[in-house]
Amino acid sequence: MNIHEYQAKKLLAQYGVPVPRGGIAHSATGAIYQANELGGDKWILKTQIHSGARGKAGGVKLCKSSKEISQFCDKFLGNNLVTNQTGPEGKMVSSIYVEEASVILKELYFSILLDRTSQKVTLVVSTEGGMDIEQVAEEMPEKIAKIRIDPSVGMQPFQVRQLVFNLGLPNEAVDSASRAVMKCYRAFRDTDANLLEINPLALVSGNKVLALDAKMSFDANALYRRPEIFELNDKTQQDTREIHAAEHDLNYVGLDGNIGCLINGAGLAMATMDMIQHAGGKPANFLDIGGGASAQRVATSIELVLSDDNVEAILVNIFAGINRCDWVAQGIVDLLNKRDVDVPLVVRLSGTNVEKGQKILKDSGKKIITAETLSDAAQKVVVEWKKSKGKSG
Ligand code: GDP
Ligand code: MN
């Protein structure tokens, strides 16, 4: 689960991480009020969406008057902001964070993430802050330094010094940076975060560092014990397909191919997607209907998969243990009775009540392509998809 920058900064501030003073606004009037509260004559206005690269997209601006603040708010509030991370439709801006402007001496990069390969928390720094870290990693990997933390030992002070040393800071700033790193680590650990990224971490006058940007995301499986974090969830920033699925207690994962997948169980889903790829197709998504799915639930699931515009063929692959093939089949037929489905539909049923299920599909007289095995199903759905698109092979 992701949160907004202003929420992450508030959280980090609670752990003592230095952040600029700021206030959140939902209107131009509110933003002017926040600027007045902060005082001074320059403010940084920042659109709040779950995406980075807002700066490049115009969504971060230094303002010097009420008029400039108003203009910025009117331009963005209530509209979608498109960045190179949001996808073409962008994300809705419903709030703007107003911060006191800082004089930046140097922009640095700092992040903490959970590295699943080494099974350790990894801290990353770079002198090349403010820019895309992937680009730095590719073009000048020597500018990136990392340390790994053994979770059973925890972070050691010498590791922090080692890490911060790579930032080439003036001696007087090393202390401020080291303390910021330690506090960020505590915040990361105590909130079950899986990512904390500060880009840029700025060196400002007085040999201090300041977190000018903050991105945090959290382990969804730990949210049950972090209600104060779960509270920060902003549904307007989530994929609408995933929200809709969650409302029906279905697990939905959006991908970028063309074949919609309805499967029971994550393991079977993985195997099915591999088989689709192997057969020359690409999954558009997968939806896990879970165990004991009713006909109604199956119908809802197919509707959800169909609501994805990228879906050009559907594969239903059910290996029924707790599920019942006849209920699944009934769900499919009910949906086809209710609405037209104009993409090829391939169904493979196996397990509990499979004969009953197959009979229901057959007796319906609907255009359903059945398959016997997983590889048969994957091949059929790819062939049908290509046929419907007029592609050969
Ligand atoms: P992002 O583009 O979504 O990652 O948004 P950031 O919060 O990183 O802001 C983009 C850029 O705006 C930063 O890299 C800084 O160069 C600049 N910026 C952000 N806050 C300040 C500030 O307080 N003062 C100045 N001068 N620039 C800032
Ligand atoms: Mn940034």
# chains A, B, ... in the order shown; residues from 1 in each chain; ligands from 1
$ residues_near_ligand --ligand "ligand 1" --cutoff "10 Å" --atoms "only C-alpha atoms and all ligand atoms" --output "PyMOL selection string"
chain A and resi 5+19-21+42-62+83+85+98-109+129-132+197-202+204+210-215
$ select_by_dssp --residues "segment 143-177 of chain A" --states "alpha helix (DSSP H)" --output "count of residues only"
16
$ closest_atom_pairs --of "segment 61-153 of chain A" --to "segment 216-219 of chain A" --cutoff "12 Å" --atoms "only C-alpha atoms" --output "CSV"
residue,atom,partner,partner_atom,distance
A:Ser111,CA,A:Met216,CA,9.7
A:Ile112,CA,A:Met216,CA,9.5
A:Leu113,CA,A:Ser217,CA,9.6
A:Leu114,CA,A:Asp219,CA,10.1
$ closest_residue --among "A:Leu38, A:Phe110, A:Lys146, A:Val82" --to "ligand 2" --atoms "only C-alpha atoms and all ligand atoms"
A:Phe110
